Amino acid sequence: MIKELTHEQKQQFGVPSMEQFSYDNLIVKNFAIATMVWAVVGMLVGVIIAIQLYLPALNLNFQYITYGRIRPLHTNGVIFAFVGNAIFMGIYYSLQRVCKARMFSDLLSKIHFWGWQLIIVCAAVMLPAGLTTSKEYAELEWPVDILIALVWVIFAINMFGTIAKRREKHMYVAVWFYIATVVTVAVLHIVNSIELPVSFLKSYSVYAGVQDALVQWWYGHNAVAFFLTTPYLGMMYYFLPKAANRPVYSYKLSIIHFWALIFIYIWAGPHHLLYTALPDWAQSLGTVFSIMLIAPSWGGMINGLLTLRGAWDKVKEDPVLKFMVVAVTAYGMATFEGPMLSLKNVNAIAHYTDWIVSHVHVGALGWNGFLTFGMLYWLIPRLFNTSLYSKKLANLHFWIGTLGIIFYVTAMYWAGIAQSLMWKQFTAEGILQYPNFLTTTQEIIPMYVIRSIGGAMFLTGVIIMIYNLYKTAKLGSFMANEAAEAPAIFIEKKKGSGEKIHRFLEKKPMKFAILATIVVLIGGLIEIIPTFIIKSNVPTISSVHPYTPLELQGRDIYIREGCNTCHSQMIRPFRSETERYGEYSKAGEFVYDHPFLWGSKRTGPDLQREGNKYPNVWHYLHMQDPRSISPGSIMPAYPWLEKQDIDIAGTEAKINTLRKLGVPYPFGFENTANDSLQRQADKIAADLQKNGAAVESNKEIVALIAYLQRLGTDIQVTKSAVK
Amino acid sequence: MSVIVVLIGASLIVAAGFLSAFIWAVKSGQYDDRYTPSVRILFDNKEENK
């Protein structure tokens with residue numbers, strides 16, 4: 001019979017004593033529920049906007065559910081609400097287990113959970129209300145930005161606290177992926193969200209034009225990298241081996257995967273701006289790093305798939321593994337496609353089209369969606385100490401979801417390539433074959449219909465899953481605190497290594513690294529930004545002037561309505577584009593654009609040279625009912641613009657704020673700005689009246705028309721645009 | 001384009017942070033054993049141990 005050693009004996013032999021503790025499963029359960037709730041909300045909004053693209057009347061002439069406003073609601077909903085909660089669910093479960101420690105603080109966990117839900121609710125209210133910065137995936141206004149930063153810091157403290165008190169000396173590779181996520185997302189969010197408040201719910205980006213575009217896509221790309229990818233890779237390295245019950249194919253490869261990926265990822269952002277007014281060398285830099293990314297990405301994908309070597313019979317049986325296999329495969333496809341799309345010649349075709357929409361949905365639906373579902377099917381039965389209610393329903397979910405993805409992405413690839421080629425098609429005589437943009441839109445309407453069906457199928461699968469998991473939870477009993485035991489960590493103390501500081505650093509490498517990063521960043525930002533950024537906004541084209549107060553108000557309405565979600569303001573230097581839209585865009589034209597409004601998708605035509613193209617009354621009628629002017633148009637109607645008053649009370653603050661950012665409005669101009677606004681508005685209103693449209697000069701539509709008529713007129717347009 | 005100073009600066013700081021983390025990881029023996037950790041995570045649940 002083996003005798004247990006006494007406590008004294010253990011100490012004598014150096015055997016660490018076992019410590020009893022418990023894992024916090026309640027926080028995991030909460031994040032799991034939030035994941036499912038927001039999945040339905042975010043995807044439902046996605047289906048609605050997908051249908052609006054062929055049934056524009058679906059906005060019911062109601063501004064709060066119009067495409068431009070709820071498209072950001074969809075992207076924020078699925079990225080930060082659905083995927084965000086899934087990340088926290090996965091991290092809170094796996095981090096505790098690989099560290100063999102309970103989360104650092106239950107209170108911080110709770111604050112993190114409710115803080116994040118509060119942010120989501122704020123977004124769900126503010127975005128439909130038109131309160132937006134217009135910067136993609138960073139639309140939320142400054143008070144919410146601050147809230148996000150605070151909650152994120154709480155999450156970081158909680159995570160690093162847990163790592164610090166871990167009972168397992170080795171940090172499993174997943175932990176490294178989580179660390180990269182927490183640190184980098186914080187830096188990205190802070191740098192991209194630097195904005196100067198105009199009022200409590202309105203701000204202007206401190207960066208302008210090209211610079212704003214560069215910062216935005218440095219952020220935008222890395223949001224994909226460090227929010228949608230690294231945490232999911234960490235979770236893949238934990239949940240996939242757990243679900244297959246075998247170690248990852250090569251642990252060594254996983255370590256290489258991590259370090260290679262994080263060192264390359266952060267430089268790839270400029271590939272979102274190929275052929276734009278961004279300097280060429282920056283474009284090429286982005287392309288080079290994007291191509292390099294294929295190596296670590298595919299290393300990781302192969303590592304994930306090979307983990308299942310000799311276990312493919314299990315994949316056939318187990319829905320969890322099925323979801324994970326498709327997820328990892330989708331990761332591989334998206335990370336192959338990404339570098340390809342970063343090649344300038346491929347990008348010339350794909351940019352601004354539905355091809356990009358397809359690309360991101362391979363990632364979002366396949367990689368993020370399916371890995372989340374796999375995790376949920378694996379986790380919920382464990383949390384409730386039971387087994388899955390229905391494998392059949394899970395399999396049904398798997399197939400309806402997979403088919404949904406195929407319907408979705410195939411239709412979008414088709415639509416993207418078809419439309420792009422039509423945009424670029426010249427006749428034998430050398431004129432555009434499809435001079436009317438609308439012709440190319442009409443061509444792909446059937447694809448939009450199929451896409452919405454695919455999306456609806458995917459959502460149906462999610463609802464089936466929620467029912468299945470609800471039933472599973474009912475079968476079992478939830479264990480909020482899961483008992484565990486592990487030997488106390490045995491940290492070697494180095495003797496006689498001298499300096500105290502050195503010892504301190506060794507003991508707290510993480511804390512030190514983080515503190516140093518934060519301190520250096522804050523210091524650097526405060527120093528650099530005001531001097532560098534504002535100085536550099538000296539106009540390079542002498543004919544480019546700041547917006548008039550009325551145009552500025554119109555621009556803010558353009559931002560509020562999210563016009564930039566469907567219309568670009570960036571004409572690339574291709575003959576097919578200069579023939580269609582006019583002179584290509586120059587960097588110097590955007591020096592007063594806080595924020596930039598280049599857009600990333602042309603669901604409608606580019607608007608960079610819209611000014612003076614049509615009479616005022618054309619715009620008036622077009623905004624009232626686009627189909628009365630362009631039969632078959634899929635643009636929603638904006639009837640509220642002729643009912644709502646221009647916010648003249650805000651003019652002064654807007655002028656003052658922009659002047660602080662370097663826009664050369666003369667001092668004192670803010671006091672007379674509204675007089676200037678009124679004069680310009682009266683002129684436009686009179687012109688509208690003359691042409692049969694009775695509009696009062698204080699209505700929003702007047703300001704919007706003023707802005708649209710200004711677009712691209714600063715530089716001499718040599719060629720008249722064909723449309 | 002001087003904003004690129006901010007971006008490269010921020011990126012370099014992050015990269016430098018990770019580089020020091022990497023050096024720490026290697027020096028402190030995090031990667032001395034490149035196999036056991038992958039198996040160890042499979043055995044953290046009491047019930048699964050039995």
# chains A, B, ... in the order shown; residues from 1 in each chain; ligands from 1
call {"tool": "residues_around", "arguments": {"residues": "Arg627 (chain A)", "least_positions_apart": "6", "cutoff": "12 Å", "atoms": "only C-alpha atoms", "output": "PyMOL selection string"}}
result
chain A and resi 55-57+438+618+621+633-638
call {"tool": "closest_atom_pairs", "arguments": {"of": "chain B", "to": "chain A", "cutoff": "8 Å", "atoms": "only C-alpha atoms", "output": "CSV"}}
result
residue,atom,partner,partner_atom,distance
B:Met1,CA,A:Gln211,CA,5.7
B:Ser2,CA,A:Phe532,CA,6.3
B:Val3,CA,A:Gln211,CA,5.9
B:Ile4,CA,A:Gln211,CA,7.7
B:Val6,CA,A:Ile528,CA,7.2
B:Leu7,CA,A:Val215,CA,7.1
B:Ala10,CA,A:Leu521,CA,6.8
B:Ser11,CA,A:Ile266,CA,6.7
B:Ile13,CA,A:Thr517,CA,6.7
B:Val14,CA,A:Thr184,CA,7.0
B:Ala15,CA,A:Phe263,CA,6.3
B:Gly17,CA,A:Ala513,CA,6.0
B:Ser20,CA,A:Ala513,CA,7.9
B:Ala21,CA,A:Pro509,CA,7.4
B:Phe22,CA,A:Trp259,CA,7.9
B:Trp24,CA,A:Pro509,CA,7.5
B:Gln30,CA,A:His170,CA,5.5
B:Arg34,CA,A:Lys252,CA,5.7
B:Tyr35,CA,A:Tyr251,CA,6.1
B:Pro37,CA,A:Tyr172,CA,6.5
B:Ser38,CA,A:Pro247,CA,5.1
B:Val39,CA,A:Pro247,CA,5.1
B:Ile41,CA,A:Val98,CA,6.3
B:Leu42,CA,A:Lys242,CA,5.9
B:Asp44,CA,A:Arg97,CA,6.7
B:Asn45,CA,A:Ala484,CA,7.5
B:Lys46,CA,A:Ala484,CA,7.1
call {"tool": "residues_around", "arguments": {"residues": "Asp645 (chain A)", "least_positions_apart": "4", "cutoff": "7 Å", "atoms": "only C-alpha atoms", "output": "list of chain:residue names"}}
result
A:Asn698, A:Lys699, A:Glu700
call {"tool": "write_last_selection", "arguments": {"atoms": "N, CA and C atoms", "output": "PDB file, in the first residue's frame"}}
result
ATOM      1  N   ASN A 698     -33.387  75.969 -44.772  1.00  0.00           N
ATOM      2  CA  ASN A 698     -32.773  75.463 -43.532  1.00  0.00           C
ATOM      3  C   ASN A 698     -32.864  73.942 -43.409  1.00  0.00           C
ATOM      4  N   LYS A 699     -33.191  73.279 -44.517  1.00  0.00           N
ATOM      5  CA  LYS A 699     -33.351  71.820 -44.445  1.00  0.00           C
ATOM      6  C   LYS A 699     -32.047  71.103 -44.804  1.00  0.00           C
ATOM      7  N   GLU A 700     -31.904  69.917 -44.246  1.00  0.00           N
ATOM      8  CA  GLU A 700     -30.659  69.156 -44.406  1.00  0.00           C
ATOM      9  C   GLU A 700     -30.317  68.856 -45.862  1.00  0.00           C
TER      10      GLU A 700
END
